[in-house]
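Asks: Structure file data-v4.txt, compact mmCIF, C-alpha atoms, is pasted below:
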# COMPACT_ATOMS: atom_id res chain seq x y z
CA MET B 1 0.00 0.00 0.00
CA GLN B 2 2.77 2.33 0.94
CA PHE B 3 4.61 1.33 -2.21
CA LEU B 4 1.49 2.12 -4.26
CA GLU B 5 1.04 5.52 -2.64
CA GLY B 6 4.69 6.36 -3.24
CA THR B 7 4.53 5.23 -6.85
CA ILE B 8 1.42 7.32 -7.51
CA ALA B 9 3.08 10.37 -5.96
CA ILE B 10 6.26 9.97 -8.01
CA VAL B 11 4.36 9.37 -11.27
CA LEU B 12 2.17 12.43 -10.59
CA SER B 13 5.26 14.59 -10.01
CA THR B 14 6.87 13.35 -13.20
CA LEU B 15 3.69 13.99 -15.16
CA LEU B 16 3.60 17.55 -13.85
CA LEU B 17 7.14 18.16 -15.01
CA ILE B 18 6.20 17.61 -18.65
CA PRO B 19 3.62 20.45 -18.89
CA ILE B 20 5.89 22.74 -16.86
CA ILE B 21 8.73 22.22 -19.32
CA THR B 22 6.36 22.58 -22.30
CA VAL B 23 4.80 25.80 -21.03
CA SER B 24 8.21 27.24 -20.10
CA GLN B 25 9.44 26.57 -23.63
CA SER B 26 6.33 28.18 -25.05
CA ILE B 27 6.85 31.26 -22.85
CA ARG B 28 10.42 31.56 -24.11
CA ASN B 29 9.25 31.42 -27.72
CA THR B 30 6.56 34.04 -27.04
CA PHE B 31 9.09 36.37 -25.42
CA GLU B 32 11.38 35.99 -28.44
CA ARG B 33 8.48 36.95 -30.71
CA ILE B 34 7.65 39.93 -28.49
CA GLU B 35 11.26 41.09 -28.66
CA ALA B 36 11.18 40.77 -32.45
CA ILE B 37 7.96 42.80 -32.66
CA GLY B 38 9.56 45.45 -30.46
CA ILE B 39 12.51 45.73 -32.85
CA ASP B 40 10.14 45.88 -35.83
CA LEU B 41 8.18 48.70 -34.18
CA VAL B 42 11.30 50.79 -33.61
CA LEU B 43 12.42 50.21 -37.18
CA GLU B 44 9.03 51.00 -38.70
CA ARG B 45 8.80 54.23 -36.71
CA SER B 46 12.25 55.24 -37.95
CA LEU B 47 11.37 54.44 -41.57
CA ALA B 48 8.08 56.33 -41.22
CA GLY B 49 10.10 59.34 -40.03
CA ILE B 50 12.09 59.66 -43.28
CA PRO B 51 11.21 63.10 -44.71
CA GLN B 52 8.86 63.05 -47.69
CA GLN B 53 11.27 65.05 -49.83
CA ASN B 54 13.74 62.14 -49.64
CA LEU B 55 11.24 59.76 -51.21
CA ALA B 56 11.68 61.15 -54.72
CA ASP B 57 15.31 60.12 -55.10
CA SER B 58 16.01 56.37 -54.84
CA GLU B 59 19.69 56.79 -53.95
CA THR B 60 18.96 59.22 -51.12
CA LEU B 61 16.19 56.99 -49.83
CA LEU B 62 18.38 53.88 -49.96
CA SER B 63 21.21 55.52 -48.05
CA GLU B 64 18.74 56.85 -45.49
CA VAL B 65 17.23 53.37 -44.97
CA ALA B 66 20.71 51.79 -44.73
CA ARG B 67 21.74 54.42 -42.17
CA ILE B 68 18.68 53.67 -40.04
CA LEU B 69 19.33 49.93 -40.16
CA ASP B 70 23.03 50.33 -39.31
CA SER B 71 22.28 52.72 -36.44
CA ASN B 72 19.93 50.12 -34.96
CA GLY B 73 22.65 47.46 -35.21
CA LEU B 74 20.70 45.27 -37.64
CA GLU B 75 22.42 42.93 -40.09
CA TRP B 76 20.37 43.60 -43.18
CA SER B 77 20.59 41.34 -46.20
CA ARG B 78 18.47 43.30 -48.68
CA ILE B 79 16.74 46.63 -49.15
CA GLU B 80 14.13 46.81 -51.87
CA LEU B 81 12.37 49.94 -53.09
CA LEU B 82 9.27 49.59 -55.24
CA SER B 83 8.37 52.97 -56.65
CA ARG B 84 5.50 53.78 -58.98
CA LYS B 85 7.71 56.24 -60.87
CA ASN B 86 11.23 54.83 -60.54
CA GLY B 87 10.45 51.12 -60.62
CA ARG B 88 12.28 48.53 -58.56
CA THR B 89 15.65 49.14 -56.87
CA VAL B 90 17.41 46.43 -54.87
CA VAL B 91 20.54 46.64 -52.75
CA GLU B 92 22.16 43.53 -51.27
CA GLY B 93 23.92 43.74 -47.93
CA LYS B 94 27.65 43.01 -48.10
CA GLN B 95 28.34 42.18 -44.46
CA VAL B 96 25.76 39.40 -44.25
CA SER B 97 26.60 35.86 -45.31
CA LYS B 98 25.14 34.97 -48.68
CA ASN B 99 24.01 31.65 -47.24
CA LEU B 100 21.32 33.41 -45.28
CA ASP B 101 18.03 31.76 -46.19
CA GLU B 102 14.40 32.64 -45.57
CA GLN B 103 14.29 30.83 -42.25
CA HIS B 104 16.88 33.15 -40.72
CA THR B 105 15.63 36.44 -42.11
CA ARG B 106 12.75 38.69 -41.23
CA LEU B 107 10.87 41.08 -43.49
CA ILE B 108 9.60 44.57 -42.78
CA ARG B 109 7.46 46.42 -45.27
CA ILE B 110 6.27 50.01 -45.12
CA VAL B 111 4.49 52.12 -47.72
CA ARG B 112 5.29 55.83 -48.03
CA VAL B 113 3.33 58.33 -50.07
CA SER B 114 4.25 61.75 -51.38
CA SER B 115 2.36 64.10 -53.66
CA GLU B 116 4.30 62.81 -56.69
CA ASP B 117 5.05 59.18 -55.96
CA ILE B 118 4.34 56.13 -53.85
CA VAL B 119 7.16 53.92 -52.55
CA CYS B 120 7.09 50.53 -50.88
CA ILE B 121 10.20 49.92 -48.75
CA VAL B 122 10.96 46.26 -48.03
CA VAL B 123 13.84 45.35 -45.74
CA SER B 124 15.18 41.85 -45.07
CA PHE B 125 17.44 41.37 -42.08
CA ARG B 126 18.81 38.62 -39.88
CA LYS B 127 16.53 37.33 -37.12
CA MET U 128 -2.91 9.47 6.35
CA ILE U 129 0.26 11.05 4.96
CA LYS U 130 3.44 9.25 6.01
CA THR U 131 6.48 11.26 7.00
CA TRP U 132 8.56 10.03 4.05
CA MET U 133 5.83 11.09 1.64
CA MET U 134 5.78 14.69 2.79
CA PRO U 135 8.67 15.86 0.57
CA ILE U 136 6.94 14.26 -2.43
CA VAL U 137 3.61 15.92 -1.60
CA ALA U 138 5.37 19.24 -1.01
CA SER U 139 7.29 19.08 -4.30
CA THR U 140 4.08 18.11 -6.11
CA ALA U 141 2.31 21.11 -4.61
CA ILE U 142 5.21 23.38 -5.64
CA MET U 143 5.11 22.03 -9.18
CA VAL U 144 1.36 22.61 -9.41
CA LEU U 145 1.96 26.18 -8.26
CA LEU U 146 4.78 26.61 -10.76
CA LEU U 147 2.61 25.29 -13.57
CA THR U 148 -0.20 27.67 -12.62
CA VAL U 149 2.19 30.64 -12.62
CA ASN U 150 3.65 29.55 -15.97
CA LEU U 151 0.19 29.36 -17.48
CA MET U 152 -0.64 32.84 -16.19
CA VAL U 153 2.60 34.24 -17.64
CA GLN U 154 1.92 32.49 -20.93
CA SER U 155 -1.58 33.93 -21.26
CA GLY U 156 -0.25 37.40 -20.35
CA SER U 157 2.52 37.19 -22.92
CA ILE U 158 0.08 36.04 -25.61
CA LEU U 159 -2.09 39.08 -24.87
CA LEU U 160 0.98 41.33 -24.99
CA GLU U 161 2.02 39.86 -28.32
CA GLY U 162 -1.46 40.51 -29.76
CA PHE U 163 -1.40 44.08 -28.44
CA LEU U 164 2.03 44.78 -29.95
CA LYS U 165 0.95 43.38 -33.32
CA GLN U 166 -2.06 45.68 -33.34
CA ARG U 167 0.17 48.60 -32.37
CA GLU U 168 2.48 47.75 -35.24
CA LYS U 169 -0.42 47.94 -37.68
CA LEU U 170 -1.46 51.22 -36.10
CA VAL U 171 2.01 52.72 -36.56
CA LEU U 172 2.05 51.73 -40.24
CA ALA U 173 -1.46 53.01 -40.92
CA ASP U 174 -0.84 56.26 -39.01
CA SER U 175 2.36 56.97 -40.93
CA LEU U 176 0.55 56.37 -44.21
CA VAL U 177 -2.28 58.71 -43.25
CA ASN U 178 0.27 61.36 -42.16
CA ASP U 179 1.95 61.04 -45.55
CA VAL U 180 -1.39 61.50 -47.32
CA PHE U 181 -2.23 64.64 -45.32
CA ASN U 182 1.26 66.10 -45.83
CA SER U 183 0.92 65.40 -49.54
CA VAL U 184 -2.42 67.24 -49.66
CA GLU U 185 -0.77 70.15 -47.85
CA ASP U 186 2.06 70.18 -50.42
CA ILE U 187 -0.44 70.06 -53.27
CA ALA U 188 -2.36 72.98 -51.75
CA GLU U 189 0.83 75.03 -51.36
CA THR U 190 2.06 74.38 -54.91
CA SER U 191 -1.42 75.03 -56.33
CA MET U 192 -1.51 78.36 -54.54
CA SER U 193 1.90 79.28 -56.00
CA SER U 194 0.82 78.20 -59.50
CA SER U 195 -2.42 80.23 -59.38
CA GLN U 196 -0.46 83.50 -59.01
CA GLY U 197 -3.08 85.10 -56.80
CA ASN U 198 -6.10 84.11 -58.88
CA PHE U 199 -8.45 82.46 -56.39
CA SER U 200 -10.74 80.63 -58.83
CA GLU U 201 -7.68 79.39 -60.69
CA PHE U 202 -6.26 78.19 -57.38
CA ARG U 203 -9.36 76.12 -56.69
CA LYS U 204 -9.34 74.64 -60.19
CA ILE U 205 -5.66 73.68 -60.01
CA LEU U 206 -6.11 72.29 -56.51
CA VAL U 207 -9.02 70.05 -57.52
CA ASP U 208 -7.15 68.78 -60.60
CA ARG U 209 -4.04 67.93 -58.63
CA ILE U 210 -5.90 66.27 -55.78
CA GLU U 211 -7.88 64.15 -58.23
CA ARG U 212 -4.68 63.12 -59.98
CA PHE U 213 -3.01 62.31 -56.65
CA LYS U 214 -6.05 60.28 -55.65
CA SER U 215 -6.28 58.27 -58.86
CA GLU U 216 -2.56 57.68 -59.42
CA ASN U 217 -1.28 57.16 -55.90
CA LEU U 218 -4.14 56.08 -53.70
CA TYR U 219 -6.49 54.21 -55.99
CA GLY U 220 -3.88 52.81 -58.32
CA GLU U 221 -2.84 49.17 -58.68
CA PHE U 222 0.35 49.73 -56.70
CA PHE U 223 -1.51 50.21 -53.45
CA LYS U 224 -3.58 47.11 -53.99
CA GLU U 225 -0.48 45.05 -54.68
CA CYS U 226 0.81 46.09 -51.26
CA GLY U 227 -2.38 44.72 -49.66
CA ILE U 228 -3.69 48.14 -48.65
CA ILE U 229 -7.02 49.71 -49.50
CA ALA U 230 -7.29 53.45 -49.09
CA GLN U 231 -10.48 55.48 -49.05
CA PHE U 232 -9.83 59.13 -49.64
CA ASN U 233 -12.55 61.75 -49.59
CA TYR U 234 -12.20 65.48 -49.60
CA THR U 235 -14.42 68.55 -49.61
CA ILE U 236 -13.48 72.09 -50.54
CA GLU U 237 -15.63 74.85 -49.14
CA THR U 238 -15.24 78.32 -50.57
CA ARG U 239 -15.58 81.21 -48.16
CA GLU U 240 -14.66 84.84 -48.53
CA GLU U 241 -11.21 84.65 -50.11
CA GLU U 242 -10.34 81.43 -48.37
CA LEU U 243 -10.81 77.74 -48.95
CA LEU U 244 -11.57 75.18 -46.25
CA ILE U 245 -10.20 71.82 -47.32
CA GLU U 246 -11.36 68.81 -45.35
CA VAL U 247 -9.79 65.43 -46.06
CA THR U 248 -10.89 62.07 -44.70
CA CYS U 249 -8.50 59.18 -45.17
CA ARG U 250 -9.39 55.63 -44.23
CA ILE U 251 -6.80 52.88 -44.50
CA ARG U 252 -7.72 49.21 -44.57
CA VAL U 253 -5.06 46.55 -44.20
CA SER U 254 -6.02 42.96 -44.78
CA ASP U 255 -3.74 40.22 -43.48
CA PRO U 256 -4.08 36.62 -42.24
CA GLU U 257 -5.10 37.88 -38.80
CA GLY U 258 -8.06 39.85 -40.10
CA LEU U 259 -8.99 43.32 -41.20
CA PHE U 260 -7.51 46.44 -39.63
CA GLU U 261 -9.12 49.78 -40.29
CA TYR U 262 -7.91 53.26 -39.40
CA GLU U 263 -9.44 56.62 -40.17
CA ARG U 264 -8.45 60.23 -39.59
CA VAL U 265 -9.78 63.61 -40.67
CA TYR U 266 -7.62 66.57 -41.63
CA LYS U 267 -8.69 70.18 -42.09
CA THR U 268 -6.74 73.04 -43.52
CA VAL U 269 -7.65 76.54 -44.53
CA LYS U 270 -5.91 78.31 -47.37
CA ARG U 271 -6.33 82.02 -47.68
CA GLN U 272 -5.36 83.92 -50.73
CA GLY U 273 -1.68 84.72 -50.29
CA SER U 274 -0.87 82.55 -47.24
CA ALA U 275 -1.96 79.52 -45.21
CA LEU U 276 -4.06 80.46 -42.17
CA TYR U 277 -4.68 77.37 -40.06
CA ASP U 278 -4.35 73.66 -40.26
CA GLY U 279 -5.27 70.93 -37.85
CA SER U 280 -5.73 67.25 -37.68
CA THR U 281 -8.21 65.22 -35.71
CA GLY U 282 -8.18 61.53 -35.05
Go through the file and emit its structure as structure tokens.

Replies:
Amino acid sequence: MQFLEGTIAIVLSTLLLIPIITVSQSIRNTFERIEAIGIDLVLERSLAGIPQQNLADSETLLSEVARILDSNGLEWSRIELLSRKNGRTVVEGKQVSKNLDEQHTRLIRIVRVSSEDIVCIVVSFRK
Amino acid sequence: MIKTWMMPIVASTAIMVLLLTVNLMVQSGSILLEGFLKQREKLVLADSLVNDVFNSVEDIAETSMSSSQGNFSEFRKILVDRIERFKSENLYGEFFKECGIIAQFNYTIETREEELLIEVTCRIRVSDPEGLFEYERVYKTVKRQGSALYDGSTG
């Protein structure tokens, strides 16, 4: 009887460990996602703050976006500008390994409008 | 009756139940926080877009006023033409749709004594896998012949 009681108690404790570990892992993943969203928010605010007069020239806009990414310490792999007037402009990041695949990169996209043009800025950077 | 040797096991079981409960509470809180931050992210994007639209309308009004060379009726005509072009090319064009954004842009121009009251309503709809997000703001500006008088924005 005592053996049975002890066995039940030990099995119950072991069974409790499994959901604790599972939930703890899930919390860690959620916190990582929250941190990523926080970084995205800061980046999107910075990109939204680019003056409208800089939107007309692709080179100026690209250097401004690259400056923002570098100042935030992000390893960016690609900056893409899709402009209604100027078409598509892509810049690849030099400092990031070319073996970087989709699983290790994150995308941010923001649309900016001026009186003359509309530009979609897409940034890929390391997670 | 609980034996003495079983007490550590019962105590550790109780602690683990408590730990699991706390973990579940933290998990539900973090899920709510994640949802809130995602909504905030959409809000930041939509707000920046609406700000761009209003600033563009302001630019169009200023350049129209310069182009009209003091002629008030000419100013209104140029302003309407340029706003319509801005609306059709930038906001209602295919480009916006390809980015997954729908914009509804409405404006009214009221003529008073030697001034124009321009009221712009911009509604942005973003559709993504998590559902539809909608954001609307109204912007008013008054242009008087020769100089801008007042502008303001309401949420």

Asks: Identify all chain U residues at most 8 Å from chain B by counting only C-alpha atoms; ligands do not count. Present them as a PyMOL selection string.

Replies: chain U and resi 133+136-137+139-140+143-144+146-147+150-151+153-154+157-158+160-161+164-165+168+171-172+175-176+179-180+182-184+186-187+213+217+222+226

Asks: Step by step: start from the point (-8.1, 60.9, -45.9) in the file's coordinates, keep every protein, DNA or RNA residue that has an atom no farther than 9 Å from it, count all atoms listed in the file, and write the set as a list in words.

Replies: Val177, Val180, Phe181, Ala230, Gln231, Phe232, Asn233, Tyr234, Glu246, Val247, Thr248, Cys249, Arg250, Ile251, Glu263, Arg264, Val265 and Tyr266 of chain U

Asks: Which of these residues is nearest to Thr89 of chain B, using all atoms listed in the file: B:Leu4, B:Val122, B:Ile50, B:Leu69?

Replies: B:Val122

Asks: Under the rule that all atoms listed in the file are counted, which of B:Arg106, B:Phe3, B:Asn29, B:Val11 is the nearest residue to Leu74 of chain B?

Replies: B:Arg106

Asks: If we count all atoms listed in the file and set the cut-off at 9 Å, which residues sit around Leu61 of chain B, ignoring sequence neighbours fewer than 5 positions away in its own chain? Please answer as a VMD selection string.

Replies: chain B and resid 50 54 to 56 66 81

Asks: Can you tell me how far atom CA of Ile79 of chain B sits from atom CA of Arg167 of chain U, in Å to one decimal?

Replies: 23.7 Å

Asks: For segment 234-250 of chain U, which lacks atoms in the input, supply N, CA and C atoms and format the output as an mmCIF file, in the coordinates of the input.

Replies:
data_model
loop_
_atom_site.group_PDB
_atom_site.id
_atom_site.type_symbol
_atom_site.label_atom_id
_atom_site.label_comp_id
_atom_site.auth_asym_id
_atom_site.auth_seq_id
_atom_site.Cartn_x
_atom_site.Cartn_y
_atom_site.Cartn_z
ATOM 1 N N TYR U 234 -12.538 64.106 -49.969
ATOM 2 C CA TYR U 234 -12.200 65.480 -49.600
ATOM 3 C C TYR U 234 -13.351 66.408 -49.978
ATOM 4 N N THR U 235 -13.447 67.500 -49.262
ATOM 5 C CA THR U 235 -14.420 68.550 -49.610
ATOM 6 C C THR U 235 -13.680 69.879 -49.595
ATOM 7 N N ILE U 236 -14.064 70.741 -50.494
ATOM 8 C CA ILE U 236 -13.480 72.090 -50.540
ATOM 9 C C ILE U 236 -14.612 73.082 -50.426
ATOM 10 N N GLU U 237 -14.572 73.855 -49.364
ATOM 11 C CA GLU U 237 -15.630 74.850 -49.140
ATOM 12 C C GLU U 237 -15.047 76.229 -49.392
ATOM 13 N N THR U 238 -15.727 76.974 -50.236
ATOM 14 C CA THR U 238 -15.240 78.320 -50.570
ATOM 15 C C THR U 238 -15.890 79.346 -49.666
ATOM 16 N N ARG U 239 -15.058 80.101 -48.977
ATOM 17 C CA ARG U 239 -15.580 81.210 -48.160
ATOM 18 C C ARG U 239 -15.033 82.511 -48.738
ATOM 19 N N GLU U 240 -15.180 83.574 -48.010
ATOM 20 C CA GLU U 240 -14.660 84.840 -48.530
ATOM 21 C C GLU U 240 -13.139 84.770 -48.618
ATOM 22 N N GLU U 241 -12.647 84.637 -49.830
ATOM 23 C CA GLU U 241 -11.210 84.650 -50.110
ATOM 24 C C GLU U 241 -10.426 83.607 -49.324
ATOM 25 N N GLU U 242 -11.082 82.536 -48.967
ATOM 26 C CA GLU U 242 -10.340 81.430 -48.370
ATOM 27 C C GLU U 242 -11.058 80.118 -48.698
ATOM 28 N N LEU U 243 -10.250 79.065 -48.686
ATOM 29 C CA LEU U 243 -10.810 77.740 -48.950
ATOM 30 C C LEU U 243 -10.614 76.854 -47.735
ATOM 31 N N LEU U 244 -11.677 76.176 -47.325
ATOM 32 C CA LEU U 244 -11.570 75.180 -46.250
ATOM 33 C C LEU U 244 -11.514 73.807 -46.912
ATOM 34 N N ILE U 245 -10.385 73.142 -46.725
ATOM 35 C CA ILE U 245 -10.200 71.820 -47.320
ATOM 36 C C ILE U 245 -10.286 70.780 -46.205
ATOM 37 N N GLU U 246 -11.228 69.864 -46.344
ATOM 38 C CA GLU U 246 -11.360 68.810 -45.350
ATOM 39 C C GLU U 246 -11.101 67.461 -46.022
ATOM 40 N N VAL U 247 -10.173 66.705 -45.452
ATOM 41 C CA VAL U 247 -9.790 65.430 -46.060
ATOM 42 C C VAL U 247 -10.047 64.316 -45.060
ATOM 43 N N THR U 248 -10.695 63.255 -45.530
ATOM 44 C CA THR U 248 -10.890 62.070 -44.700
ATOM 45 C C THR U 248 -10.150 60.913 -45.362
ATOM 46 N N CYS U 249 -9.275 60.290 -44.599
ATOM 47 C CA CYS U 249 -8.500 59.180 -45.170
ATOM 48 C C CYS U 249 -8.726 57.944 -44.310
ATOM 49 N N ARG U 250 -9.174 56.891 -44.950
ATOM 50 C CA ARG U 250 -9.390 55.630 -44.230
ATOM 51 C C ARG U 250 -8.481 54.569 -44.862
#
